[in-house]
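> Quick one: structure below, then a few questions.
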Amino acid sequence: MLGVFVKAALRPGLVKPCRLVRSVIQIPERTLVHQEGLPKLPVPPLKQTFERYLAALEPIVSEEELEHTRQLVQEFLNGGVGERLQKGLERRARKTDNWLSEWWMQSAYLDCRMPLAVYTSPGVVLPRMHFHDRQGQMRFAAKLIAGVLAFKKMIDTDTLPIEYLSEKPLCMDQYYQILSSCRIPGPKRDTVVNHSLGKIPITHITVVHNFQFFVLDVYHSDGTLLTEDQIYMQLEKIWNSSLQTNKEPIGILTSQHRNTWGKAYNNLIKDKTNKESVRAIQKSIFTVCLDAPMPRVSDELYPSRVAAQMLHGGGARWNSGNRWFDKTIQFIVGEDGTCGLVYEHAPAEGPPIVFLIDFVVKYMRRTEIVRSPMFPLPMPLKLRFNITPEVKRDIERAKQNMNMMVHDLDVKVLMFSHFGKNVPKQHKLSPDAFVQMALQLAYFRMYNMCCASCESASLRMFKYGRTDAIRATTMDSFTFVQAMQDPAKQNAERLALLRGAIQTHKEHTYNAIYGQAIDRHLLGLRLLSIEELTSMPEIFMDTSFAVAHHYNLSTSQVGSKTDCVMCFGPMVPDGYGVCYNPMDEHINIAITAFNSCEETHAAKFAQAVEDALLDMRALLEDTATAKQ
Ligand code: COA
């Protein structure tokens with residue numbers, strides 16, 4: 001998932017040094033040795049990228065546009081400009097740990113001016129909890145906090161297991177970026193500051209209830225962690241001293257357009273008390289949001305309602321002010337059993353976040369009781385904010401904007417229960433590619449055309465690797481979806497086309513995770529053009545380039561052991577954001593769109609995806625039976 005930030009990446013003149021998270025991080029010894037052994041991200045061959053680019057355009061642009069782009073590619077490759085830029089990228093690759101990562105962090109995240117809520121921060125929907133009473137909610141939150149702190153201990157003691165993809169070890173850097181970190185808004189560009197492993201260890205988390213923020217120290221002065229019981233008692237104190245519901249929702253400021261928040265931020269922290277309170281939130285290990293109950297909905301609508309709550313909090317009247325959207329990780333535990341998180345995307349991708357969730361969920365199943373010494377703990381510190389008339393005005397503006405965002409977001413979580421990874425696997429097909437082809441079929445059935453679509457692929461085999469894109473729309477996927485809609489075609493032929501399209505997707509996946517996809521290479525060439533050339537090469541200015549980057553389908557698989565689903569907003573105003581978690585026997589799929597676009601409809605698209613998955617299974621079974 002790339003969010004709207006790719007648009008920012010396409011804007012010229014944005015490449016300047018930024019404050020990088022890694023600069024304040026000391027990675028411990030074992031992980032450091034592992035990290036040093038990782039290969040560098042390669043720069044793909046120039047000709048290969050442009051051949052693949054033209055192939056990617058074929059199903060999504062007209063023949064005339066394609067012909068025009070072919071000529072531009074020839075000029076770019078033969079006129080010396082391409083070669084010059086390629087050499088520049090190769091030089092950059094030799095001089096840096098990762099030629100892409102700083103550019104990516106900047107252009108994809110820190111330069112992006114859209115609000116974090118809905119537009120860039122993904123949410124995670126966890127299974128619903130059934131709390132009998134408030135104590136149940138607090139006990140659950142205390143256990144969750146203890147679980148995250150146990151995870152942090154693995155990071156601190158350098159015992160986090162190294163992850164693998166296709167039997168290759170992965171870069172673990174993102175794990176060192178997600179705790180004690182926070183995004184800081186700027187009037188033109190943001191930064192991310194990470195306080196973990198700095199000189200002074202961070203010993204507190206922040207808890208927010210009824211829009212009021214508290215510092216909760218989770219370590220004793222001797223460095224030992226508070227027990228679950230002790231955390232629970234502290235949460236009770238927080239609850240009891242934040243019962244008033246008439247407080248200004250200061251946190252809603254963080255949901256604003258980044259330029260607006262950047263200005264409001266400078267205004268807010270002019271006041272010393274406000275500055276100290278903001279710093280306490282920014283430095284905290286993570287935030288826990290104790291949310292007020294939301295309006296009840298049917299069981300069927302419940303996951304979609306929670307996804308919306310994770311993405312934006314439900315609006316100014318509900319929980320949108322019960323957040324600090326700049327904070328890297330915010331766990332959400334609602335009085336009504338709602339459970340999940342929202343995370344700020346700049347420091348990490350979904351997989352490390354979900355790995356953390358899997359760990360915490362497993363931790364929370366433990367039943368062992370740890371006896372807590374009975375000594376009184378100090379009252380958690382309530383963070384004070386002085387609300388000047390200017391701050392009040394900014395809050396009111398933020399409330400209005402948030403309510404518009406809430407109305408505009410269209411979400412549908414599909415709990416597809418008919419089958420999971422098992423079915424494609426039984427038929428010797430990649431489950432991920434199978435789901436991707438279902439998305440292609442669903443889109444084609446709704447719009448009678450295909451579109452530019454991307455799926456995130458991990459680049460973590462490389463040092464400081466983040467993601468590249470797998471372009472899921474290919475000539476093979478196009479032929480398959482057309483055949484599905486053509487009554488003259490036999491199922492045997494359709495199946496052969498499906499298998500072919502899946503094979504192509506698998507090859508693109510392989511290329512992407514080994515650093516040979518096209519999107520980031522094109523981005524690098526384009527950014528280097530801004531730095532080194534006096535004018536932008538035409539290849540980056542033509543219609544095809546814009547069409548190829550207008551991702552009507554922005555998708556990602558974020559698999560987990562926990563029965564959860566990640567969700568994120570669409571990348572373009574007339575597109576869908578689709579995130580899925582294929583479990584063994586079922587698939588959780590979160591789909592988002594914007595209500596302001598008349599052409600898109602999350603629930604209709606979800607229905608089309610469900611139908612596509614079922615029709616594709618029928619195809620597998622039908623032809624399997626025919627063979628017997
Ligand atoms: N026959 C039988 N089984 C097969 C198969 C085949 N032809 N092809 C794949 N499988 C199996 C795999 O062995 C795997 O088994 P497991 O469930 O026991 O692990 C399973 O099916 C899943 O494989 P597949 O569906 O092909 O997907 P993947 O796990 O390789 O994932 C990506 C593909 C692209 C999602 C992954 O490589 C990736 O990059 N993930 C990161 C995404 C990311 O960073 N997102 C960012 C979000 S912010």
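By convention in this document, the chains of the structure tokens carry letters A, B, ... by their order, each chain's residues are numbered from 1, and ligands are numbered from 1 in the order they are shown.
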Counting only C-alpha atoms and all ligand atoms, which residues of chain A fall within 6 Å of ligand 1, and what is the closest atom pair for each with its distance in Å at one decimal, ordered by chain and rising number, as a Markdown table?


```
| residue | atom | partner | partner_atom_place_in_ligand_line | distance |
| --- | --- | --- | --- | --- |
| A:Met1 | CA | ligand 1 | 48 (S) | 5.3 |
| A:Glu349 | CA | ligand 1 | 48 (S) | 4.1 |
| A:Gly350 | CA | ligand 1 | 48 (S) | 3.9 |
| A:Pro351 | CA | ligand 1 | 44 (O) | 5.8 |
| A:Lys425 | CA | ligand 1 | 2 (C) | 4.0 |
| A:Lys428 | CA | ligand 1 | 1 (N) | 3.4 |
| A:Leu429 | CA | ligand 1 | 7 (N) | 3.8 |
| A:Ser430 | CA | ligand 1 | 8 (N) | 3.4 |
| A:Pro431 | CA | ligand 1 | 25 (O) | 3.7 |
| A:Asp432 | CA | ligand 1 | 25 (O) | 3.5 |
| A:Ser456 | CA | ligand 1 | 45 (N) | 4.7 |
| A:Ala457 | CA | ligand 1 | 39 (O) | 3.4 |
| A:Ser458 | CA | ligand 1 | 39 (O) | 3.7 |
| A:Thr467 | CA | ligand 1 | 44 (O) | 5.9 |
| A:Thr509 | CA | ligand 1 | 34 (C) | 5.6 |
| A:Ser556 | CA | ligand 1 | 45 (N) | 5.3 |
| A:Gln557 | CA | ligand 1 | 35 (C) | 4.8 |
| A:Val558 | CA | ligand 1 | 45 (N) | 5.7 |
```

> Once you count only C-alpha atoms, what closest atom pair and distance in Å to one decimal does each residue of stretch 72-172 of chain A within 12 Å of stretch 525-536 of chain A have, with rows by chain and rising residue number, as a tab-separated table?


```
residue	atom	partner	partner_atom	distance
A:Phe76	CA	A:Met536	CA	11.1
A:Val81	CA	A:Leu533	CA	9.0
A:Gly82	CA	A:Leu525	CA	8.1
A:Glu83	CA	A:Leu525	CA	10.1
A:Arg84	CA	A:Glu532	CA	9.7
A:Leu85	CA	A:Leu525	CA	6.0
A:Gln86	CA	A:Leu525	CA	7.0
A:Lys87	CA	A:Leu525	CA	10.0
A:Gly88	CA	A:Leu528	CA	7.5
A:Leu89	CA	A:Leu525	CA	7.3
A:Glu90	CA	A:Leu525	CA	10.6
A:Arg91	CA	A:Leu528	CA	11.4
A:Arg92	CA	A:Leu528	CA	9.9
A:Trp99	CA	A:Leu528	CA	11.1
A:Leu100	CA	A:Leu527	CA	10.3
A:Glu102	CA	A:Leu527	CA	11.7
A:Trp103	CA	A:Leu527	CA	8.2
A:Trp104	CA	A:Leu527	CA	10.2
A:Gln106	CA	A:Leu527	CA	11.3
A:Ser107	CA	A:Leu527	CA	9.3
```

> Mind dumping the selected residues with N, CA and C atoms as a PDB file, in the first residue's frame?


```
ATOM      1  N   PHE A  76      14.626   7.938 -24.840  1.00  0.00           N
ATOM      2  CA  PHE A  76      15.218   7.959 -23.492  1.00  0.00           C
ATOM      3  C   PHE A  76      16.421   7.001 -23.428  1.00  0.00           C
ATOM      4  N   VAL A  81      20.279  10.047 -22.155  1.00  0.00           N
ATOM      5  CA  VAL A  81      19.758  10.535 -20.868  1.00  0.00           C
ATOM      6  C   VAL A  81      19.537   9.364 -19.899  1.00  0.00           C
ATOM      7  N   GLY A  82      18.918   8.316 -20.448  1.00  0.00           N
ATOM      8  CA  GLY A  82      18.647   7.142 -19.605  1.00  0.00           C
ATOM      9  C   GLY A  82      19.929   6.587 -19.020  1.00  0.00           C
ATOM     10  N   GLU A  83      20.931   6.442 -19.866  1.00  0.00           N
ATOM     11  CA  GLU A  83      22.211   5.877 -19.435  1.00  0.00           C
ATOM     12  C   GLU A  83      22.850   6.751 -18.352  1.00  0.00           C
ATOM     13  N   ARG A  84      22.776   8.050 -18.565  1.00  0.00           N
ATOM     14  CA  ARG A  84      23.373   8.991 -17.601  1.00  0.00           C
ATOM     15  C   ARG A  84      22.691   8.845 -16.229  1.00  0.00           C
ATOM     16  N   LEU A  85      21.360   8.800 -16.260  1.00  0.00           N
ATOM     17  CA  LEU A  85      20.628   8.679 -14.991  1.00  0.00           C
ATOM     18  C   LEU A  85      20.907   7.316 -14.335  1.00  0.00           C
ATOM     19  N   GLN A  86      20.959   6.285 -15.157  1.00  0.00           N
ATOM     20  CA  GLN A  86      21.222   4.946 -14.631  1.00  0.00           C
ATOM     21  C   GLN A  86      22.578   4.925 -13.923  1.00  0.00           C
ATOM     22  N   LYS A  87      23.567   5.530 -14.549  1.00  0.00           N
ATOM     23  CA  LYS A  87      24.918   5.575 -13.946  1.00  0.00           C
ATOM     24  C   LYS A  87      24.855   6.326 -12.609  1.00  0.00           C
ATOM     25  N   GLY A  88      24.051   7.393 -12.602  1.00  0.00           N
ATOM     26  CA  GLY A  88      23.889   8.163 -11.370  1.00  0.00           C
ATOM     27  C   GLY A  88      23.286   7.306 -10.265  1.00  0.00           C
ATOM     28  N   LEU A  89      22.293   6.514 -10.627  1.00  0.00           N
ATOM     29  CA  LEU A  89      21.674   5.637  -9.614  1.00  0.00           C
ATOM     30  C   LEU A  89      22.681   4.594  -9.127  1.00  0.00           C
ATOM     31  N   GLU A  90      23.456   4.058 -10.057  1.00  0.00           N
ATOM     32  CA  GLU A  90      24.438   3.032  -9.672  1.00  0.00           C
ATOM     33  C   GLU A  90      25.503   3.635  -8.744  1.00  0.00           C
ATOM     34  N   ARG A  91      25.858   4.883  -9.020  1.00  0.00           N
ATOM     35  CA  ARG A  91      26.827   5.581  -8.147  1.00  0.00           C
ATOM     36  C   ARG A  91      26.232   5.735  -6.747  1.00  0.00           C
ATOM     37  N   ARG A  92      24.976   6.157  -6.746  1.00  0.00           N
ATOM     38  CA  ARG A  92      24.280   6.338  -5.457  1.00  0.00           C
ATOM     39  C   ARG A  92      24.214   5.002  -4.702  1.00  0.00           C
ATOM     40  N   TRP A  99      20.067   2.697  -2.004  1.00  0.00           N
ATOM     41  CA  TRP A  99      19.924   3.887  -2.864  1.00  0.00           C
ATOM     42  C   TRP A  99      18.523   4.476  -2.793  1.00  0.00           C
ATOM     43  N   LEU A 100      17.565   3.659  -2.353  1.00  0.00           N
ATOM     44  CA  LEU A 100      16.172   4.081  -2.414  1.00  0.00           C
ATOM     45  C   LEU A 100      15.620   4.585  -1.082  1.00  0.00           C
ATOM     46  N   GLU A 102      16.123   6.444   1.626  1.00  0.00           N
ATOM     47  CA  GLU A 102      15.917   7.831   2.070  1.00  0.00           C
ATOM     48  C   GLU A 102      14.937   8.559   1.155  1.00  0.00           C
ATOM     49  N   TRP A 103      15.102   8.350  -0.129  1.00  0.00           N
ATOM     50  CA  TRP A 103      14.189   8.957  -1.102  1.00  0.00           C
ATOM     51  C   TRP A 103      12.761   8.505  -0.844  1.00  0.00           C
ATOM     52  N   TRP A 104      12.636   7.204  -0.580  1.00  0.00           N
ATOM     53  CA  TRP A 104      11.305   6.627  -0.396  1.00  0.00           C
ATOM     54  C   TRP A 104      10.632   7.202   0.852  1.00  0.00           C
ATOM     55  N   GLN A 106      11.166   9.920   2.285  1.00  0.00           N
ATOM     56  CA  GLN A 106      10.835  11.321   2.062  1.00  0.00           C
ATOM     57  C   GLN A 106       9.636  11.489   1.137  1.00  0.00           C
ATOM     58  N   SER A 107       9.747  10.891  -0.053  1.00  0.00           N
ATOM     59  CA  SER A 107       8.735  11.172  -1.075  1.00  0.00           C
ATOM     60  C   SER A 107       7.433  10.454  -0.784  1.00  0.00           C
TER      61      SER A 107
END
```

> At a cut-off of 12 Å, using only C-alpha atoms, what residues contact A:Gly559? Leave out same-chain residues fewer than 5 positions from it and give the result as number ranges by chain.

A: 124, 350-355, 357-358, 420-421, 431-432, 564-566, 579-584, 586-589

> With N, CA, C and O atoms kept, could you save the residues just selected as a compact mmCIF listing (two decimals), in the first residue's frame?


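Below you can see out.txt, which holds the result:
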```txt
# COMPACT_ATOMS: atom_id res chain seq x y z
N VAL A 124 -5.77 -1.76 11.99
CA VAL A 124 -5.90 -3.21 12.09
C VAL A 124 -7.13 -3.52 12.94
O VAL A 124 -7.28 -2.96 14.03
N GLY A 350 3.27 -2.98 7.13
CA GLY A 350 2.32 -3.79 7.88
C GLY A 350 2.89 -5.06 8.51
O GLY A 350 2.60 -5.36 9.67
N PRO A 351 3.72 -5.85 7.79
CA PRO A 351 4.14 -7.14 8.35
C PRO A 351 4.79 -7.07 9.75
O PRO A 351 4.41 -7.85 10.63
N PRO A 352 5.74 -6.14 10.03
CA PRO A 352 6.26 -6.09 11.40
C PRO A 352 5.19 -5.75 12.44
O PRO A 352 5.23 -6.25 13.56
N ILE A 353 4.23 -4.93 12.04
CA ILE A 353 3.17 -4.55 12.98
C ILE A 353 2.32 -5.78 13.30
O ILE A 353 1.98 -6.05 14.46
N VAL A 354 2.03 -6.56 12.27
CA VAL A 354 1.20 -7.74 12.47
C VAL A 354 1.98 -8.83 13.22
O VAL A 354 1.40 -9.59 14.00
N PHE A 355 3.29 -8.88 13.01
CA PHE A 355 4.11 -9.83 13.77
C PHE A 355 4.03 -9.49 15.26
O PHE A 355 3.90 -10.36 16.11
N ILE A 357 1.50 -7.97 16.66
CA ILE A 357 0.15 -8.34 17.11
C ILE A 357 0.10 -9.84 17.41
O ILE A 357 -0.43 -10.26 18.45
N ASP A 358 0.65 -10.65 16.51
CA ASP A 358 0.62 -12.11 16.73
C ASP A 358 1.30 -12.46 18.06
O ASP A 358 0.82 -13.29 18.82
N GLY A 420 -10.21 -20.69 2.19
CA GLY A 420 -9.07 -19.82 2.44
C GLY A 420 -7.91 -20.22 1.53
O GLY A 420 -8.14 -20.61 0.38
N LYS A 421 -6.70 -20.19 2.12
CA LYS A 421 -5.52 -20.56 1.32
C LYS A 421 -5.61 -22.01 0.84
O LYS A 421 -4.99 -22.39 -0.14
N PRO A 431 -1.94 -18.84 -3.33
CA PRO A 431 -3.14 -18.18 -2.81
C PRO A 431 -3.13 -16.67 -3.04
O PRO A 431 -4.15 -16.07 -3.37
N ASP A 432 -1.96 -16.06 -2.92
CA ASP A 432 -1.90 -14.61 -3.10
C ASP A 432 -2.27 -14.24 -4.54
O ASP A 432 -3.08 -13.34 -4.77
N CYS A 564 -7.25 -11.37 12.05
CA CYS A 564 -7.45 -9.92 11.99
C CYS A 564 -7.38 -9.46 10.54
O CYS A 564 -7.15 -10.26 9.64
N VAL A 565 -7.62 -8.20 10.32
CA VAL A 565 -7.40 -7.67 8.98
C VAL A 565 -6.91 -6.22 9.06
O VAL A 565 -7.37 -5.44 9.88
N MET A 566 -5.95 -5.94 8.19
CA MET A 566 -5.47 -4.56 8.10
C MET A 566 -6.32 -3.82 7.08
O MET A 566 -6.92 -4.44 6.19
N CYS A 579 -6.97 -4.59 1.34
CA CYS A 579 -5.96 -5.31 2.12
C CYS A 579 -6.57 -6.63 2.56
O CYS A 579 -7.73 -6.66 2.99
N TYR A 580 -5.83 -7.71 2.46
CA TYR A 580 -6.42 -9.01 2.78
C TYR A 580 -5.47 -9.89 3.57
O TYR A 580 -4.25 -9.76 3.49
N ASN A 581 -6.08 -10.75 4.33
CA ASN A 581 -5.34 -11.70 5.16
C ASN A 581 -5.88 -13.09 4.86
O ASN A 581 -6.90 -13.48 5.40
N PRO A 582 -5.20 -13.83 3.98
CA PRO A 582 -5.69 -15.17 3.68
C PRO A 582 -5.32 -16.14 4.80
O PRO A 582 -4.14 -16.40 5.02
N MET A 583 -6.30 -16.62 5.50
CA MET A 583 -6.07 -17.63 6.55
C MET A 583 -6.28 -19.00 5.89
O MET A 583 -6.68 -19.07 4.73
N ASP A 584 -6.06 -20.10 6.64
CA ASP A 584 -6.17 -21.42 6.00
C ASP A 584 -7.56 -21.68 5.43
O ASP A 584 -7.69 -22.15 4.32
N HIS A 586 -10.39 -19.36 5.60
CA HIS A 586 -11.19 -18.19 5.22
C HIS A 586 -10.26 -17.01 4.89
O HIS A 586 -9.05 -17.09 5.12
N ILE A 587 -10.85 -15.96 4.34
CA ILE A 587 -10.03 -14.79 3.95
C ILE A 587 -10.71 -13.53 4.47
O ILE A 587 -11.90 -13.31 4.23
N ASN A 588 -9.95 -12.72 5.19
CA ASN A 588 -10.48 -11.43 5.64
C ASN A 588 -10.02 -10.35 4.65
O ASN A 588 -8.82 -10.24 4.37
N ILE A 589 -10.99 -9.60 4.15
CA ILE A 589 -10.64 -8.61 3.12
C ILE A 589 -11.25 -7.25 3.49
O ILE A 589 -12.47 -7.16 3.69
```

> Could you list, as a PyMOL selection string, every residue within 10 Å of A:Asp336, counting only C-alpha atoms and ignoring same-chain residues fewer than 5 positions away?

chain A and resi 128-134+137+291-296

> Could you please take those selected residues and save N, CA, C and O atoms as a PDB file, in the first residue's frame?


```
ATOM      1  N   ARG A 128     -13.509  -9.085  17.998  1.00  0.00           N
ATOM      2  CA  ARG A 128     -14.268  -8.353  19.018  1.00  0.00           C
ATOM      3  C   ARG A 128     -14.106  -9.030  20.387  1.00  0.00           C
ATOM      4  O   ARG A 128     -14.085 -10.259  20.485  1.00  0.00           O
ATOM      5  N   MET A 129     -13.998  -8.198  21.424  1.00  0.00           N
ATOM      6  CA  MET A 129     -13.936  -8.736  22.789  1.00  0.00           C
ATOM      7  C   MET A 129     -15.303  -8.541  23.441  1.00  0.00           C
ATOM      8  O   MET A 129     -16.054  -7.653  23.052  1.00  0.00           O
ATOM      9  N   HIS A 130     -15.591  -9.378  24.405  1.00  0.00           N
ATOM     10  CA  HIS A 130     -16.871  -9.221  25.111  1.00  0.00           C
ATOM     11  C   HIS A 130     -16.558  -8.931  26.580  1.00  0.00           C
ATOM     12  O   HIS A 130     -16.384  -9.848  27.376  1.00  0.00           O
ATOM     13  N   PHE A 131     -16.437  -7.651  26.881  1.00  0.00           N
ATOM     14  CA  PHE A 131     -16.127  -7.274  28.265  1.00  0.00           C
ATOM     15  C   PHE A 131     -17.430  -7.269  29.061  1.00  0.00           C
ATOM     16  O   PHE A 131     -18.428  -6.695  28.616  1.00  0.00           O
ATOM     17  N   HIS A 132     -17.392  -7.897  30.254  1.00  0.00           N
ATOM     18  CA  HIS A 132     -18.612  -7.888  31.081  1.00  0.00           C
ATOM     19  C   HIS A 132     -18.809  -6.524  31.718  1.00  0.00           C
ATOM     20  O   HIS A 132     -19.912  -6.073  31.964  1.00  0.00           O
ATOM     21  N   ASP A 133     -17.697  -5.885  32.013  1.00  0.00           N
ATOM     22  CA  ASP A 133     -17.787  -4.585  32.695  1.00  0.00           C
ATOM     23  C   ASP A 133     -16.510  -3.790  32.398  1.00  0.00           C
ATOM     24  O   ASP A 133     -15.640  -4.253  31.658  1.00  0.00           O
ATOM     25  N   ARG A 134     -16.411  -2.621  32.999  1.00  0.00           N
ATOM     26  CA  ARG A 134     -15.233  -1.780  32.771  1.00  0.00           C
ATOM     27  C   ARG A 134     -13.944  -2.466  33.230  1.00  0.00           C
ATOM     28  O   ARG A 134     -12.899  -2.343  32.598  1.00  0.00           O
ATOM     29  N   GLN A 137     -12.565  -4.490  30.547  1.00  0.00           N
ATOM     30  CA  GLN A 137     -11.865  -3.685  29.539  1.00  0.00           C
ATOM     31  C   GLN A 137     -10.461  -3.314  30.042  1.00  0.00           C
ATOM     32  O   GLN A 137      -9.471  -3.421  29.313  1.00  0.00           O
ATOM     33  N   ASP A 291     -11.338   3.815  24.169  1.00  0.00           N
ATOM     34  CA  ASP A 291     -12.382   4.487  23.389  1.00  0.00           C
ATOM     35  C   ASP A 291     -13.759   4.378  24.033  1.00  0.00           C
ATOM     36  O   ASP A 291     -14.094   3.375  24.676  1.00  0.00           O
ATOM     37  N   ALA A 292     -14.551   5.430  23.783  1.00  0.00           N
ATOM     38  CA  ALA A 292     -15.959   5.407  24.204  1.00  0.00           C
ATOM     39  C   ALA A 292     -16.729   4.460  23.279  1.00  0.00           C
ATOM     40  O   ALA A 292     -16.319   4.238  22.143  1.00  0.00           O
ATOM     41  N   PRO A 293     -17.849   3.903  23.771  1.00  0.00           N
ATOM     42  CA  PRO A 293     -18.613   2.994  22.900  1.00  0.00           C
ATOM     43  C   PRO A 293     -19.165   3.722  21.685  1.00  0.00           C
ATOM     44  O   PRO A 293     -19.518   4.893  21.761  1.00  0.00           O
ATOM     45  N   MET A 294     -19.234   3.008  20.588  1.00  0.00           N
ATOM     46  CA  MET A 294     -19.752   3.568  19.326  1.00  0.00           C
ATOM     47  C   MET A 294     -21.182   3.057  19.126  1.00  0.00           C
ATOM     48  O   MET A 294     -21.575   2.074  19.752  1.00  0.00           O
ATOM     49  N   PRO A 295     -21.955   3.716  18.246  1.00  0.00           N
ATOM     50  CA  PRO A 295     -23.314   3.230  18.017  1.00  0.00           C
ATOM     51  C   PRO A 295     -23.311   1.758  17.580  1.00  0.00           C
ATOM     52  O   PRO A 295     -22.428   1.339  16.835  1.00  0.00           O
ATOM     53  N   ARG A 296     -24.287   1.025  18.094  1.00  0.00           N
ATOM     54  CA  ARG A 296     -24.347  -0.409  17.775  1.00  0.00           C
ATOM     55  C   ARG A 296     -24.735  -0.635  16.317  1.00  0.00           C
ATOM     56  O   ARG A 296     -25.537   0.111  15.774  1.00  0.00           O
TER      57      ARG A 296
END
```

> Please indicate the distance in Å from atom CA of A:Gln212 to atom CA of A:Ile387, rounded to one decimal place.

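Atom CA of A:Ile387 lies at a distance of 13.1 Å from atom CA of A:Gln212.
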
> One decimal, Å: what's the distance from atom CA of A:Gly37 over to atom CA of A:Pro169, could you say?

9.6 Å

> Quick one, how far is atom CA of A:Pro122 from atom CA of A:Lys327?

12.5 Å

> So, counting only C-alpha atoms, which residue among A:Ala93, A:Ile539, A:Ala56, A:Ile155 is closest to A:Val73?

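Answer, going by the shortest atom-to-atom distance: A:Ile539.
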
> Write out as a PyMOL selection string all residues of stretch 45-84 of chain A that DSSP puts in helix (DSSP H, G or I) for this structure's backbone.

chain A and resi 46-57+63-78+81-84

> Please produce a file of the residues just selected, as a short mmCIF file (atom, residue, chain, number, x, y, z; two decimals), in the first residue's frame, where the atoms kept are N, CA and C atoms.


```cif
data_model
loop_
_atom_site.label_atom_id
_atom_site.label_comp_id
_atom_site.auth_asym_id
_atom_site.auth_seq_id
_atom_site.Cartn_x
_atom_site.Cartn_y
_atom_site.Cartn_z
N LEU A 46 18.54 -1.04 -16.98
CA LEU A 46 17.68 0.00 -17.54
C LEU A 46 16.73 -0.54 -18.61
N LYS A 47 17.30 -1.36 -19.53
CA LYS A 47 16.51 -1.85 -20.66
C LYS A 47 15.40 -2.78 -20.14
N GLN A 48 15.76 -3.60 -19.17
CA GLN A 48 14.77 -4.54 -18.59
C GLN A 48 13.57 -3.78 -18.03
N THR A 49 13.87 -2.69 -17.27
CA THR A 49 12.77 -1.93 -16.65
C THR A 49 11.85 -1.35 -17.72
N PHE A 50 12.43 -0.82 -18.80
CA PHE A 50 11.56 -0.18 -19.80
C PHE A 50 10.82 -1.20 -20.65
N GLU A 51 11.39 -2.38 -20.84
CA GLU A 51 10.62 -3.46 -21.51
C GLU A 51 9.42 -3.84 -20.65
N ARG A 52 9.69 -3.97 -19.36
CA ARG A 52 8.61 -4.37 -18.44
C ARG A 52 7.57 -3.25 -18.29
N TYR A 53 8.05 -2.03 -18.34
CA TYR A 53 7.13 -0.88 -18.25
C TYR A 53 6.16 -0.90 -19.44
N LEU A 54 6.70 -1.10 -20.63
CA LEU A 54 5.83 -1.13 -21.83
C LEU A 54 4.84 -2.29 -21.74
N ALA A 55 5.32 -3.43 -21.22
CA ALA A 55 4.42 -4.58 -21.08
C ALA A 55 3.30 -4.27 -20.08
N ALA A 56 3.65 -3.53 -19.02
CA ALA A 56 2.64 -3.19 -18.00
C ALA A 56 1.60 -2.22 -18.55
N LEU A 57 2.02 -1.40 -19.53
CA LEU A 57 1.07 -0.42 -20.11
C LEU A 57 0.05 -1.07 -21.04
N GLU A 63 -3.75 1.82 -27.91
CA GLU A 63 -2.66 1.45 -28.81
C GLU A 63 -1.87 2.71 -29.21
N GLU A 64 -2.58 3.84 -29.45
CA GLU A 64 -1.88 5.08 -29.86
C GLU A 64 -0.97 5.58 -28.74
N GLU A 65 -1.52 5.57 -27.53
CA GLU A 65 -0.71 6.03 -26.39
C GLU A 65 0.52 5.14 -26.23
N LEU A 66 0.30 3.85 -26.38
CA LEU A 66 1.39 2.90 -26.23
C LEU A 66 2.48 3.16 -27.28
N GLU A 67 2.06 3.40 -28.50
CA GLU A 67 3.00 3.64 -29.59
C GLU A 67 3.82 4.91 -29.30
N HIS A 68 3.13 5.94 -28.82
CA HIS A 68 3.81 7.19 -28.47
C HIS A 68 4.84 6.92 -27.37
N THR A 69 4.44 6.14 -26.36
CA THR A 69 5.35 5.87 -25.24
C THR A 69 6.54 5.03 -25.72
N ARG A 70 6.28 4.10 -26.65
CA ARG A 70 7.40 3.30 -27.20
C ARG A 70 8.47 4.23 -27.79
N GLN A 71 8.00 5.26 -28.50
CA GLN A 71 8.97 6.19 -29.11
C GLN A 71 9.74 6.96 -28.03
N LEU A 72 8.99 7.38 -27.00
CA LEU A 72 9.66 8.12 -25.91
C LEU A 72 10.70 7.23 -25.21
N VAL A 73 10.37 5.97 -25.06
CA VAL A 73 11.31 5.03 -24.43
C VAL A 73 12.56 4.92 -25.30
N GLN A 74 12.35 4.78 -26.60
CA GLN A 74 13.51 4.70 -27.51
C GLN A 74 14.41 5.92 -27.35
N GLU A 75 13.78 7.11 -27.36
CA GLU A 75 14.56 8.35 -27.21
C GLU A 75 15.32 8.37 -25.89
N PHE A 76 14.63 7.94 -24.84
CA PHE A 76 15.22 7.96 -23.49
C PHE A 76 16.42 7.00 -23.43
N LEU A 77 16.25 5.83 -24.04
CA LEU A 77 17.31 4.83 -23.97
C LEU A 77 18.46 5.14 -24.93
N ASN A 78 18.12 5.63 -26.11
CA ASN A 78 19.18 5.83 -27.12
C ASN A 78 19.82 7.21 -27.08
N VAL A 81 20.28 10.05 -22.16
CA VAL A 81 19.76 10.53 -20.87
C VAL A 81 19.54 9.36 -19.90
N GLY A 82 18.92 8.32 -20.45
CA GLY A 82 18.65 7.14 -19.61
C GLY A 82 19.93 6.59 -19.02
N GLU A 83 20.93 6.44 -19.87
CA GLU A 83 22.21 5.88 -19.43
C GLU A 83 22.85 6.75 -18.35
N ARG A 84 22.78 8.05 -18.57
CA ARG A 84 23.37 8.99 -17.60
C ARG A 84 22.69 8.85 -16.23
#
```
